[in-house]
Amino acid sequence: MPDFILDVQGLETTFKTPDGVIHAVNGVSFGLGEGETLGVVGESGCGKSVTMLSVLGLIPSPPGKVIAGKAFFSGQDLIQMSKEEIRHVRGAQIAMIFQDPMTSLNPVLTIGRQLEEPLILHIGMTKKQARDRAAELLTMVGIPNAKDRLNDYPHQYSGGMRQRVMIAMALSCSPQILIADEPTTALDVTIQAQIMDLVKRLRDELGMAIIWITHDLGVVAGLAKRVLVMYGGYIIEEAPVNELYANPSHPYTIGLLGSLPRVDEKERTKLYSIEGQPPVLYTKPNACPFAPRCKWALEHCWQENPALMGVGPEHLAACWVDTKTGRHR
Amino acid sequence: MTTDKTDNNVLLRVDDLMMHFPIRRGVFQRQVGAVRAVDGVSFDVKRGETLGLVGESGCGKSTTGRTILQLYKPTAGEVEFDGVNLVTLKGEQMRQMRRKIQMIFQDPYASLNPRMTVGQLVGEPLIVHNVATGSEINQRVEHLLEVVGLNPAFASRYPHEFSGGQRQRIGVARALALQPSFIICDEPISALDVSIQAQVVNLLEELQQQFNLTYLFIAHDLSMVKHISDRVAVMYLGVFVELASRDDLHAMPLHPYTRALLSAVPIPDPIADARRERVILKGDVPSPANPPSGCRFRTRCPIAEGLCAESRPDFREIKPGHFVACFFAERYL
């Protein structure tokens, strides 16, 4: 086993709904190396966010429940931890930033107050120390006049600046892992470029590991070292970033890449479209969850759900079909 | 920008369009300022083409679309559709005109009445405009659903039974019901998942061929706009900064904002992404209630000089069909 600072094994999470039990995460295993940036890609409902929330013990229960799996962090299983124990890990050693910075900040507290809170709570700083550190953090994420702006309220900040504050807050206790859940989705592209630039700079300065969750294969291409693609609560492909984009192997990944228009495309070609809808799984499937939308599907695909298998150097895909030949692997 | 008024090929001509929303304060609701959402834009759209309109949130691109349709009464300017000035039209005349100009909205969850069946939703324009009655309505609805790739048997279902992509198809069917010649697509795919976006874009392209439609395609996603458009206009803080054919705009972007925007779009290819030059803009978009003097972009512009604060650059034709509003555009030629 290589040295993973986070090692997730066989994670399964379900949600009880009036229509039945939804299997949101169905046996997800992955590792995160020290200082590594891991991209997690998938469409809404594929289980990418739920996976990370499960690891951090943030699944609302009920209706959600982590029914199986382990998540080792520094030799301890996060899943088994009590609420009190995991709260010390969260924020201090593993921090998370979310998509919408407006709803993640408390509108009636000043930015300064919200930045100081984790410093006092997790590190035990005095109020004065926390104040100085908060100003330092704001400067670090590129907010001018940081000292004065600590007294501002969230609504006085723009969307991009709020996301900077969220990043400052997440980094305030020098975490080993930063989990970013679509942090740039709500932002304009020029602001997104600013934020990604900032994250790359801080990653290189602070040496933390990052898990970057997104639906945008373009964002991950410029940031991650390794990428996981999720579909229907499963990891269906895993590869180093260059390998994934050069040799996508799962039909879903191929379709996803083909359905993106590229700003650097020369010819106007018809976009590849994956017909149909992503599944909502009320039972754990016996067939490949992508089979109904797959143009390569063979008989075997309807009979047995493929596990991840090696298809290239450090490259895994959960598919029975070799898409290059159209035949069974 | 000047266009030939007699050019038969032009379907829509917009001339110096302005839309200012008043800001009112105090007991007497006196006007204390205005949000200059659209502040003098001129362009034309040719028959059968797709004009893309890109810009970041708050730049006025959606307001431009709505003002063309006279959903807002413009502060100034002219909108000429098929030779008729829409700004001066009233009541029944405008209502008749709306048959020819339709709109597809961004949010397929909010733009469909949840209490109406799909059949009622798609059939409503037919009834409102008295173009069909009785069983003819049902036939037309079934046909429209087929055209947009939905099962005609779905006519009796309600919007909540459909996924986002299917709902957007319902929105498209509704827009097509009156056989319009011009459709304003206001971010029609932004709310959809990536694999579904391609389905809807392909559908829009097929329909354009089939019915000879003209589109104004509004979006913030430059790669998608570039894919679907023949020409692309870039908007910033209420004004057009650049307008060119899709190939020109990408091969030779002349406005510093367009250059920054293009370089900020992530490319789904790590090798190509690492190789290109990046222009990262500083700061945020200023408020349209209090825009900078002179050039709107100068506060974030990497090449701004003193002149840019003093006067507003004209939107000039720097080479045939390529318009740009920058004093220093020549340096990128």
# chains A, B, ... in the order shown; residues from 1 in each chain; ligands from 1
>>> interface_residues(of="chain A", to="chain B", cutoff="9 Å", atoms="only C-alpha atoms", output="MDAnalysis selection string")
chainID A and resid 43:44 158 160:161 187:194 197 215:223 241:242 245:246 255:257 259:277
>>> write_last_selection(atoms="C-alpha atoms", output="PDB file, in the first residue's frame")
ATOM      1  CA  GLU A  43     -22.561  14.990 -13.234  1.00  0.00           C
ATOM      2  CA  SER A  44     -25.171  15.918 -10.669  1.00  0.00           C
ATOM      3  CA  SER A 158     -18.286  40.152  -4.335  1.00  0.00           C
ATOM      4  CA  GLY A 160     -15.119  35.950  -6.092  1.00  0.00           C
ATOM      5  CA  MET A 161     -13.978  37.651  -2.892  1.00  0.00           C
ATOM      6  CA  LEU A 187     -18.294  32.171 -10.521  1.00  0.00           C
ATOM      7  CA  ASP A 188     -17.622  33.844 -13.856  1.00  0.00           C
ATOM      8  CA  VAL A 189     -14.783  32.458 -15.937  1.00  0.00           C
ATOM      9  CA  THR A 190     -12.370  35.325 -15.347  1.00  0.00           C
ATOM     10  CA  ILE A 191     -12.977  35.063 -11.592  1.00  0.00           C
ATOM     11  CA  GLN A 192     -12.709  31.273 -11.808  1.00  0.00           C
ATOM     12  CA  ALA A 193      -9.288  31.721 -13.397  1.00  0.00           C
ATOM     13  CA  GLN A 194      -8.263  33.996 -10.510  1.00  0.00           C
ATOM     14  CA  ASP A 197      -4.521  30.520  -9.871  1.00  0.00           C
ATOM     15  CA  HIS A 215     -18.472  18.551 -13.242  1.00  0.00           C
ATOM     16  CA  ASP A 216     -16.080  20.435 -15.491  1.00  0.00           C
ATOM     17  CA  LEU A 217     -13.472  18.287 -17.194  1.00  0.00           C
ATOM     18  CA  GLY A 218     -11.763  21.486 -18.322  1.00  0.00           C
ATOM     19  CA  VAL A 219     -11.131  22.739 -14.791  1.00  0.00           C
ATOM     20  CA  VAL A 220      -9.637  19.436 -13.684  1.00  0.00           C
ATOM     21  CA  ALA A 221      -7.329  19.236 -16.712  1.00  0.00           C
ATOM     22  CA  GLY A 222      -5.364  22.257 -15.592  1.00  0.00           C
ATOM     23  CA  LEU A 223      -5.226  21.392 -11.922  1.00  0.00           C
ATOM     24  CA  VAL A 241      -4.576  13.332 -15.775  1.00  0.00           C
ATOM     25  CA  ASN A 242      -2.666  13.180 -19.073  1.00  0.00           C
ATOM     26  CA  TYR A 245      -7.545  12.825 -21.542  1.00  0.00           C
ATOM     27  CA  ALA A 246      -5.316  11.050 -24.074  1.00  0.00           C
ATOM     28  CA  GLY A 255     -18.939  10.561 -24.195  1.00  0.00           C
ATOM     29  CA  LEU A 256     -18.392  13.288 -21.639  1.00  0.00           C
ATOM     30  CA  LEU A 257     -15.227  14.491 -23.350  1.00  0.00           C
ATOM     31  CA  SER A 259     -19.905  16.314 -25.618  1.00  0.00           C
ATOM     32  CA  LEU A 260     -17.759  19.312 -24.673  1.00  0.00           C
ATOM     33  CA  PRO A 261     -17.220  21.948 -27.307  1.00  0.00           C
ATOM     34  CA  ARG A 262     -13.669  23.237 -27.152  1.00  0.00           C
ATOM     35  CA  VAL A 263     -12.789  26.871 -27.355  1.00  0.00           C
ATOM     36  CA  ASP A 264      -9.748  25.820 -29.393  1.00  0.00           C
ATOM     37  CA  GLU A 265     -11.689  23.612 -31.834  1.00  0.00           C
ATOM     38  CA  LYS A 266     -11.107  24.420 -35.480  1.00  0.00           C
ATOM     39  CA  GLU A 267     -13.996  22.772 -37.265  1.00  0.00           C
ATOM     40  CA  ARG A 268     -17.627  23.051 -36.318  1.00  0.00           C
ATOM     41  CA  THR A 269     -18.552  19.461 -35.708  1.00  0.00           C
ATOM     42  CA  LYS A 270     -21.681  17.973 -34.264  1.00  0.00           C
ATOM     43  CA  LEU A 271     -21.328  17.409 -30.552  1.00  0.00           C
ATOM     44  CA  TYR A 272     -21.309  13.841 -29.395  1.00  0.00           C
ATOM     45  CA  SER A 273     -24.310  13.371 -27.170  1.00  0.00           C
ATOM     46  CA  ILE A 274     -24.962  10.659 -24.633  1.00  0.00           C
ATOM     47  CA  GLU A 275     -28.635   9.818 -25.005  1.00  0.00           C
ATOM     48  CA  GLY A 276     -30.857   9.263 -21.996  1.00  0.00           C
ATOM     49  CA  GLN A 277     -30.507  10.246 -18.381  1.00  0.00           C
TER      50      GLN A 277
END
>>> select_by_dssp(residues="region 121-327 of chain A", states="alpha helix (DSSP H)", output="VMD selection string")
chain A and resid 127 to 140 146 to 149 159 to 171 189 to 206 217 to 221 241 to 246 251 to 258 299 to 303
>>> select_by_dssp(residues="region 71-180 of chain B", states="strand (DSSP E)", output="list in words")
Ala76, Gly77, Glu78, Val79, Glu80, Phe81, Val84, Asn85, Ile101, Gln102, Met103 and Ile104 of chain B
>>> write_last_selection(atoms="N, CA and C atoms", output="compact mmCIF listing (two decimals), in the first residue's frame")
# COMPACT_ATOMS: atom_id res chain seq x y z
N ALA B 76 -33.69 54.17 -24.76
CA ALA B 76 -33.44 54.83 -26.03
C ALA B 76 -33.03 53.77 -27.04
N GLY B 77 -33.05 54.17 -28.31
CA GLY B 77 -32.57 53.26 -29.34
C GLY B 77 -33.68 52.64 -30.15
N GLU B 78 -33.29 51.95 -31.21
CA GLU B 78 -34.24 51.34 -32.11
C GLU B 78 -34.01 49.84 -32.22
N VAL B 79 -35.10 49.11 -32.34
CA VAL B 79 -35.01 47.69 -32.61
C VAL B 79 -35.86 47.44 -33.84
N GLU B 80 -35.25 47.12 -34.95
CA GLU B 80 -35.98 46.94 -36.18
C GLU B 80 -35.98 45.47 -36.56
N PHE B 81 -37.19 44.90 -36.59
CA PHE B 81 -37.30 43.49 -36.92
C PHE B 81 -38.03 43.35 -38.25
N VAL B 84 -39.63 46.51 -39.38
CA VAL B 84 -40.59 47.20 -38.52
C VAL B 84 -39.90 47.61 -37.21
N ASN B 85 -40.06 48.85 -36.80
CA ASN B 85 -39.46 49.29 -35.55
C ASN B 85 -40.32 48.84 -34.38
N ILE B 101 -41.11 36.35 -32.94
CA ILE B 101 -39.93 36.34 -32.09
C ILE B 101 -40.27 35.58 -30.81
N GLN B 102 -39.57 34.53 -30.55
CA GLN B 102 -39.84 33.75 -29.36
C GLN B 102 -38.58 33.64 -28.51
N MET B 103 -38.77 33.16 -27.29
CA MET B 103 -37.65 33.11 -26.37
C MET B 103 -37.60 31.74 -25.69
N ILE B 104 -36.37 31.25 -25.49
CA ILE B 104 -36.17 30.04 -24.69
C ILE B 104 -35.41 30.47 -23.45
>>> atom_distance(atom1="CA of Gly20 (chain A)", atom2="CA of Ile79 (chain A)")
24.2 Å
>>> closest_residue(among="B:Ile184, B:Arg169, B:Val239, B:Pro159", to="Gly65 (chain B)", atoms="only C-alpha atoms")
B:Ile184
>>> residues_around(residues="region 131-137 of chain B", least_positions_apart="2", cutoff="12 Å", atoms="only C-alpha atoms", output="list of chain:residue names")
B:Gln96, B:Arg99, B:Gly119, B:Gln120, B:Leu121, B:Val122, B:Gly123, B:Glu124, B:Pro125, B:Leu126, B:Ile127, B:Val128, B:His129, B:Gln139, B:Arg140, B:Val141, B:Glu142, B:His143, B:Leu144, B:Ala155, B:Ala177, B:Leu178, B:Gln179
>>> residues_around(residues="region 145-150 of chain A", least_positions_apart="5", cutoff="7 Å", atoms="only C-alpha atoms", output="list in words")
Thr110, Ile111, Gly112, Ala135, Leu138 and Thr139 of chain A
>>> write_last_selection(atoms="N, CA and C atoms", output="short mmCIF file (atom, residue, chain, number, x, y, z; two decimals), in the first residue's frame")
data_model
loop_
_atom_site.label_atom_id
_atom_site.label_comp_id
_atom_site.auth_asym_id
_atom_site.auth_seq_id
_atom_site.Cartn_x
_atom_site.Cartn_y
_atom_site.Cartn_z
N THR A 110 -19.41 39.45 11.00
CA THR A 110 -18.39 40.05 10.14
C THR A 110 -17.45 38.96 9.62
N ILE A 111 -16.80 39.27 8.51
CA ILE A 111 -15.83 38.34 7.93
C ILE A 111 -14.74 38.02 8.96
N GLY A 112 -14.30 39.06 9.70
CA GLY A 112 -13.26 38.87 10.70
C GLY A 112 -13.67 37.86 11.76
N ALA A 135 -6.14 38.71 9.43
CA ALA A 135 -5.71 39.73 8.47
C ALA A 135 -4.64 39.15 7.54
N LEU A 138 -6.33 36.88 4.95
CA LEU A 138 -7.02 37.63 3.90
C LEU A 138 -6.01 38.18 2.90
N THR A 139 -4.88 38.66 3.40
CA THR A 139 -3.85 39.16 2.50
C THR A 139 -3.33 38.02 1.62
#
>>> atom_distance(atom1="CA of Val40 (chain A)", atom2="CA of Glu161 (chain B)")
29.4 Å
>>> atom_distance(atom1="CA of Ser42 (chain B)", atom2="CA of Val14 (chain B)")
5.0 Å
>>> residues_around(residues="Asp44 (chain B)", least_positions_apart="3", cutoff="9 Å", atoms="only C-alpha atoms", output="VMD selection string")
chain B and resid 3 10 to 15 51
>>> write_last_selection(atoms="N, CA and C atoms", output="mmCIF file, in the first residue's frame")
data_model
loop_
_atom_site.group_PDB
_atom_site.id
_atom_site.type_symbol
_atom_site.label_atom_id
_atom_site.label_comp_id
_atom_site.auth_asym_id
_atom_site.auth_seq_id
_atom_site.Cartn_x
_atom_site.Cartn_y
_atom_site.Cartn_z
ATOM 1 N N THR B 3 -25.194 50.050 -40.396
ATOM 2 C CA THR B 3 -25.592 48.933 -41.240
ATOM 3 C C THR B 3 -26.460 49.480 -42.363
ATOM 4 N N VAL B 10 -30.773 41.301 -43.596
ATOM 5 C CA VAL B 10 -30.768 41.564 -42.164
ATOM 6 C C VAL B 10 -32.168 41.349 -41.598
ATOM 7 N N LEU B 11 -32.284 40.477 -40.604
ATOM 8 C CA LEU B 11 -33.585 40.212 -40.004
ATOM 9 C C LEU B 11 -33.821 41.147 -38.828
ATOM 10 N N LEU B 12 -32.774 41.346 -38.034
ATOM 11 C CA LEU B 12 -32.917 42.192 -36.857
ATOM 12 C C LEU B 12 -31.806 43.228 -36.855
ATOM 13 N N ARG B 13 -32.226 44.489 -36.659
ATOM 14 C CA ARG B 13 -31.227 45.544 -36.599
ATOM 15 C C ARG B 13 -31.432 46.299 -35.294
ATOM 16 N N VAL B 14 -30.399 46.342 -34.473
ATOM 17 C CA VAL B 14 -30.483 47.034 -33.192
ATOM 18 C C VAL B 14 -29.573 48.238 -33.280
ATOM 19 N N ASP B 15 -30.128 49.428 -32.960
ATOM 20 C CA ASP B 15 -29.352 50.643 -33.134
ATOM 21 C C ASP B 15 -29.301 51.440 -31.834
ATOM 22 N N LEU B 51 -26.251 34.412 -33.934
ATOM 23 C CA LEU B 51 -25.346 35.382 -33.342
ATOM 24 C C LEU B 51 -25.197 35.016 -31.874
#
>>> residues_around(residues="Thr323 (chain A)", least_positions_apart="5", cutoff="9 Å", atoms="only C-alpha atoms", output="list in words")
Ser249, His250, Pro251, Trp296 and His328 of chain A
>>> closest_residue(among="A:Val141, A:Cys319, A:Ile195, A:Ala186", to="Met169 (chain A)", atoms="only C-alpha atoms")
A:Val141
>>> closest_residue(among="A:Glu136, A:Glu36, A:Asp152, A:Asp322", to="Leu171 (chain A)", atoms="only C-alpha atoms")
A:Glu136
>>> closest_residue(among="B:Thr64, B:Asn138, B:Asn130, B:Gln210", to="Ser156 (chain B)", atoms="only C-alpha atoms")
B:Asn138
>>> residues_around(residues="region 88-99 of chain A", least_positions_apart="3", cutoff="7 Å", atoms="only C-alpha atoms", output="list in words")
Leu56, Glu84, Glu85, His122, Met166, Ile167, Ala170, Cys173, Pro175, Gln176, Ile177, Leu178, Ile179, Ala180, Asp181, Glu182, Pro183, Thr184, Thr185 and Ala186 of chain A
>>> closest_residue(among="B:Gly171, B:Asp314, B:Asp186, B:Val118", to="Phe154 (chain B)", atoms="only C-alpha atoms")
B:Val118
